[in-house]
Amino acid sequence: MPDNDHSLMERTAQGDLSAFEELVAKHQRLVLNTIFRYIGNQAEAEDLSQEVFIRVFKFAKRYRPQAKFTTWLYRIITNICLNYHRQKKRKPSVSLDSPVFIEGEELPRQISLPSDTQPDVILERQEKDSVIREAIDSLPEKQKMAVILQRFEGLSYGEISKIMGCSVSAIESLLFRAKQALKEKLKDYLN
Amino acid sequence: MKCKEARRRLSIFLDNELSQKEALEIKGHISQCVFCAKEAEALSAALGFIKELGTIEPPLDFWDNLSKKIIPQEERVFSYGFFRRVVQMPVPAAASFILVVGLLLGIYLGNALYLNAQGDSSKVAEAGADNFFYLASLDDLPSDSVGGVYIKLAFQK
Ligand SMILES: [Zn+2]
């Protein structure tokens with residue numbers, strides 16, 4: 001099957017908004033969820049997702065279809081996430097686990113569940129999510145990104161090394177250490 | 001295989017990145033070494049567990065918000081399909097296009113208005129039905145319309 005993303009990007013580069021809209025519709029879930037897993041805050045994940053697509057649009061003219069489009073897309077996502085973290089570190093920040101307040105109102109995390117889900121199932125789901133969140137957030141940034149790309153996005157070491165700009169053996173060791181840390185962090189919960 | 005090496009490879013094995021031969025070797029080690037077997041089990045449980053992290057859906061106005069950020073409002077309509085193609089035409093092609101559209105529209109409106117002005121709106125509908133532009137033959141042009149005068153002058157001699 002020909003890679004339709006390349007032709008959509010070509011049309012986007014010529015200023016065709018309908019092509020860009022199609023590209024966004026196709027990849028918005030991937031972009032949003034990758035960022036959400038990394039930063040754990042829905043509202044900010046939405047803002048950063050918009051930032052990703054603004055860059056895609058801006059750089060469309062410079063885009064060369066050498067690799068898979070998604071490899072290029074993940075590279076933008078990774079840059080934005082790591083940058084976000086650096087900026088967060090500079091500013092006094094709140095913990096990613098603490099509830100988010102916007103104009104005095106607490107923002108609930110809206111995990112997608114079927115509408116007829118029982119309250120105890122929702123609670124269990126929320127508890128599980130916050131345990132996983134805490135474990136993932138305890139990882140150093142690069143380990144965290146490697147885990148997200150490998151475990152959630154199902155990318156190979158080769159792809160991750162291209163996206164993160166390091167060698168395959170560096171990715172191997174990032175993921176080795178990440179697994180050890182996750183195992184330690186979750187052992188009480190899982191036993 | 002020593003346990004230290006087995007642990008390193010175990011991580012790669014769990015990510016499905018080992019060759020078939022290497023995978024068999026690590027499976028062989030695990031089947032004989034309780035410590036590494038336990039480690040494999042603990043790692044698999046942790047990795048399986050984090051995969052259960054929930055997903056979220058993009059908001060319905062995601063595209064609307066995005067498109068507002070990338071293109072100012074007044075330019076947006078010209079960035080879509082038909083308008084964009086017209087706007088991006090080379091100047092002579094665009095000029096010809098506009099001229100042809102203008103001529104056809106002029107002929108249509110001119111004739112329709114003329115017939116209407118004559119109080120003969122039934123003829124408009126009738127003519128519209130079998131000939132959109134009222135140009136079944138040039139003789140049909142009203143004699144005092146611009147087109148009619150032009151035809152009269154052209155064929156007079
Ligand atoms: Zn062993």
# chains A, B, ... in the order shown; residues from 1 in each chain; ligands from 1
$ residues_around --residues "Asn65 in chain B" --least-positions-apart "4" --cutoff "12 Å" --atoms "only C-alpha atoms" --output "VMD selection string"
(chain A and resid 21 24 46 to 47 49 to 51 53 to 54) or (chain B and resid 58 to 61 69 to 73)
$ write_last_selection --atoms "all heavy atoms" --output "CSV table (one decimal), in the first residue's frame"
chain,number,residue,atom,x,y,z
A,21,GLU,N,-5.9,18.8,7.1
A,21,GLU,CA,-7.0,18.4,8.0
A,21,GLU,C,-7.1,16.8,8.0
A,21,GLU,O,-7.3,16.3,9.1
A,21,GLU,CB,-8.3,19.0,7.5
A,21,GLU,CG,-9.5,18.7,8.5
A,21,GLU,CD,-10.8,19.4,8.1
A,21,GLU,OE1,-10.8,20.1,7.0
A,21,GLU,OE2,-11.8,19.3,8.8
A,24,VAL,N,-4.3,15.5,10.1
A,24,VAL,CA,-4.5,15.7,11.5
A,24,VAL,C,-5.5,14.7,12.0
A,24,VAL,O,-5.3,14.0,13.1
A,24,VAL,CB,-5.0,17.1,11.8
A,24,VAL,CG1,-5.5,17.3,13.2
A,24,VAL,CG2,-3.9,18.1,11.4
A,46,GLU,N,-3.3,18.3,25.3
A,46,GLU,CA,-4.1,18.8,24.1
A,46,GLU,C,-3.3,20.1,23.5
A,46,GLU,O,-3.2,20.2,22.3
A,46,GLU,CB,-5.5,19.2,24.5
A,46,GLU,CG,-6.4,18.0,24.6
A,46,GLU,CD,-7.8,18.3,25.3
A,46,GLU,OE1,-8.1,19.5,25.3
A,46,GLU,OE2,-8.4,17.4,25.7
A,47,ASP,N,-2.9,20.9,24.4
A,47,ASP,CA,-2.1,22.1,23.9
A,47,ASP,C,-0.9,21.7,23.2
A,47,ASP,O,-0.6,22.2,22.1
A,47,ASP,CB,-1.7,23.0,25.1
A,47,ASP,CG,-2.9,23.8,25.6
A,47,ASP,OD1,-4.0,23.8,24.9
A,47,ASP,OD2,-2.8,24.4,26.7
A,49,SER,N,-0.3,18.9,21.8
A,49,SER,CA,-0.6,18.2,20.5
A,49,SER,C,-0.8,19.3,19.4
A,49,SER,O,-0.4,19.1,18.2
A,49,SER,CB,-1.9,17.4,20.6
A,49,SER,OG,-1.7,16.4,21.6
A,50,GLN,N,-1.5,20.4,19.8
A,50,GLN,CA,-1.7,21.4,18.8
A,50,GLN,C,-0.3,22.0,18.3
A,50,GLN,O,-0.1,22.2,17.2
A,50,GLN,CB,-2.5,22.5,19.4
A,50,GLN,CG,-3.9,22.1,19.8
A,50,GLN,CD,-5.0,22.7,19.0
A,50,GLN,OE1,-4.9,23.9,18.6
A,50,GLN,NE2,-6.0,22.0,18.7
A,51,GLU,N,0.6,22.1,19.3
A,51,GLU,CA,1.9,22.6,19.0
A,51,GLU,C,2.6,21.7,18.0
A,51,GLU,O,3.3,22.1,17.1
A,51,GLU,CB,2.7,22.6,20.4
A,51,GLU,CG,3.9,23.5,20.4
A,51,GLU,CD,3.6,24.9,19.9
A,51,GLU,OE1,2.6,25.6,20.4
A,51,GLU,OE2,4.4,25.4,19.1
A,53,PHE,N,1.2,19.7,15.7
A,53,PHE,CA,0.7,19.9,14.4
A,53,PHE,C,1.0,21.3,13.8
A,53,PHE,O,1.2,21.4,12.5
A,53,PHE,CB,-0.8,19.6,14.4
A,53,PHE,CG,-1.2,18.2,14.5
A,53,PHE,CD1,-1.8,17.6,15.6
A,53,PHE,CD2,-0.8,17.3,13.4
A,53,PHE,CE1,-2.1,16.3,15.6
A,53,PHE,CE2,-1.1,16.0,13.5
A,53,PHE,CZ,-1.8,15.4,14.6
A,54,ILE,N,1.2,22.3,14.6
A,54,ILE,CA,1.6,23.6,14.1
A,54,ILE,C,3.0,23.4,13.5
A,54,ILE,O,3.3,23.9,12.4
A,54,ILE,CB,1.6,24.6,15.2
A,54,ILE,CG1,0.2,25.0,15.6
A,54,ILE,CG2,2.4,25.9,14.7
A,54,ILE,CD1,0.0,25.8,16.8
B,58,PRO,N,-9.3,12.7,21.5
B,58,PRO,CA,-9.1,14.1,21.1
B,58,PRO,C,-10.4,14.9,21.2
B,58,PRO,O,-11.5,14.3,20.9
B,58,PRO,CB,-8.6,14.1,19.7
B,58,PRO,CG,-8.3,12.7,19.4
B,58,PRO,CD,-9.0,11.8,20.3
B,59,PRO,N,-10.4,16.1,21.7
B,59,PRO,CA,-11.6,16.9,21.8
B,59,PRO,C,-12.2,17.1,20.4
B,59,PRO,O,-11.5,17.1,19.4
B,59,PRO,CB,-11.2,18.2,22.4
B,59,PRO,CG,-9.7,18.3,22.1
B,59,PRO,CD,-9.2,16.9,22.1
B,60,LEU,N,-13.5,17.3,20.3
B,60,LEU,CA,-14.2,17.4,19.0
B,60,LEU,C,-13.8,18.7,18.3
B,60,LEU,O,-13.8,18.7,17.1
B,60,LEU,CB,-15.7,17.4,19.2
B,60,LEU,CG,-16.3,16.1,19.7
B,60,LEU,CD1,-17.8,16.2,20.0
B,60,LEU,CD2,-16.0,15.0,18.6
B,61,ASP,N,-13.4,19.7,19.0
B,61,ASP,CA,-13.0,21.0,18.4
B,61,ASP,C,-11.5,21.1,18.1
B,61,ASP,O,-10.9,22.1,17.9
B,61,ASP,CB,-13.5,22.2,19.2
B,61,ASP,CG,-12.9,22.2,20.6
B,61,ASP,OD1,-12.2,21.2,21.0
B,61,ASP,OD2,-13.3,23.1,21.4
B,69,LYS,N,-5.2,28.6,14.6
B,69,LYS,CA,-3.9,29.0,15.0
B,69,LYS,C,-2.9,29.0,13.8
B,69,LYS,O,-2.0,29.8,13.8
B,69,LYS,CB,-3.3,28.0,16.0
B,69,LYS,CG,-3.9,28.1,17.4
B,69,LYS,CD,-3.2,27.1,18.3
B,69,LYS,CE,-4.1,27.0,19.6
B,69,LYS,NZ,-3.8,25.7,20.3
B,70,ILE,N,-3.2,28.2,12.8
B,70,ILE,CA,-2.3,28.2,11.6
B,70,ILE,C,-2.6,29.2,10.5
B,70,ILE,O,-1.8,29.6,9.8
B,70,ILE,CB,-2.1,26.8,11.1
B,70,ILE,CG1,-3.4,26.2,10.7
B,70,ILE,CG2,-1.3,25.9,12.0
B,70,ILE,CD1,-3.2,24.8,10.0
B,71,ILE,N,-3.9,29.5,10.4
B,71,ILE,CA,-4.3,30.4,9.3
B,71,ILE,C,-5.2,31.5,9.8
B,71,ILE,O,-6.2,31.1,10.4
B,71,ILE,CB,-4.9,29.6,8.1
B,71,ILE,CG1,-3.9,28.6,7.6
B,71,ILE,CG2,-5.4,30.5,7.0
B,71,ILE,CD1,-3.9,28.4,6.2
B,72,PRO,N,-4.9,32.7,9.5
B,72,PRO,CA,-5.9,33.8,9.9
B,72,PRO,C,-7.2,33.6,9.2
B,72,PRO,O,-7.3,33.1,8.1
B,72,PRO,CB,-5.2,35.1,9.4
B,72,PRO,CG,-3.8,34.7,9.1
B,72,PRO,CD,-3.8,33.2,8.8
B,73,GLN,N,-8.3,34.0,10.0
B,73,GLN,CA,-9.7,33.7,9.5
B,73,GLN,C,-9.9,34.1,8.1
B,73,GLN,O,-10.4,33.3,7.3
B,73,GLN,CB,-10.6,34.6,10.4
B,73,GLN,CG,-12.0,34.3,10.2
B,73,GLN,CD,-12.4,32.9,10.7
B,73,GLN,OE1,-11.8,32.3,11.7
B,73,GLN,NE2,-13.3,32.2,10.0
$ closest_atom_pairs --of "chain B" --to "ligand 1" --cutoff "7 Å" --atoms "only C-alpha atoms and all ligand atoms" --output "tab-separated table"
residue	atom	partner	partner_atom_place_in_ligand_line	distance
B:Lys2	CA	ligand 1	1 (Zn)	6.4
B:Cys3	CA	ligand 1	1 (Zn)	3.7
B:Ala6	CA	ligand 1	1 (Zn)	6.1
B:His29	CA	ligand 1	1 (Zn)	6.3
B:Ile30	CA	ligand 1	1 (Zn)	6.5
B:Cys33	CA	ligand 1	1 (Zn)	4.7
B:Val34	CA	ligand 1	1 (Zn)	6.9
B:Phe35	CA	ligand 1	1 (Zn)	5.5
B:Cys36	CA	ligand 1	1 (Zn)	4.2
$ closest_residue --among "A:Lys144, A:Arg11, A:Lys183, A:Arg86" --to "chain B" --atoms "only C-alpha atoms"
A:Lys183
$ select_by_dssp --residues "range 18-145 of chain A" --states "strand (DSSP E)" --output "MDAnalysis selection string"
chainID A and resid 100:102 105:107
$ interface_residues --of "chain B" --to "chain A" --cutoff "8 Å" --atoms "only C-alpha atoms" --output "PyMOL selection string"
chain B and resi 8+11-12+15+17+42-43+45-47+49-58+62-63+66+69-70+79-81+84
$ closest_residue --among "A:Ile35, A:Ala13, A:Ser7, A:Val121" --to "Tyr74 in chain A" --atoms "only C-alpha atoms"
A:Ile35
$ atom_distance --atom1 "CA of Leu104 in chain B" --atom2 "CA of Asn116 in chain B"
18.1 Å
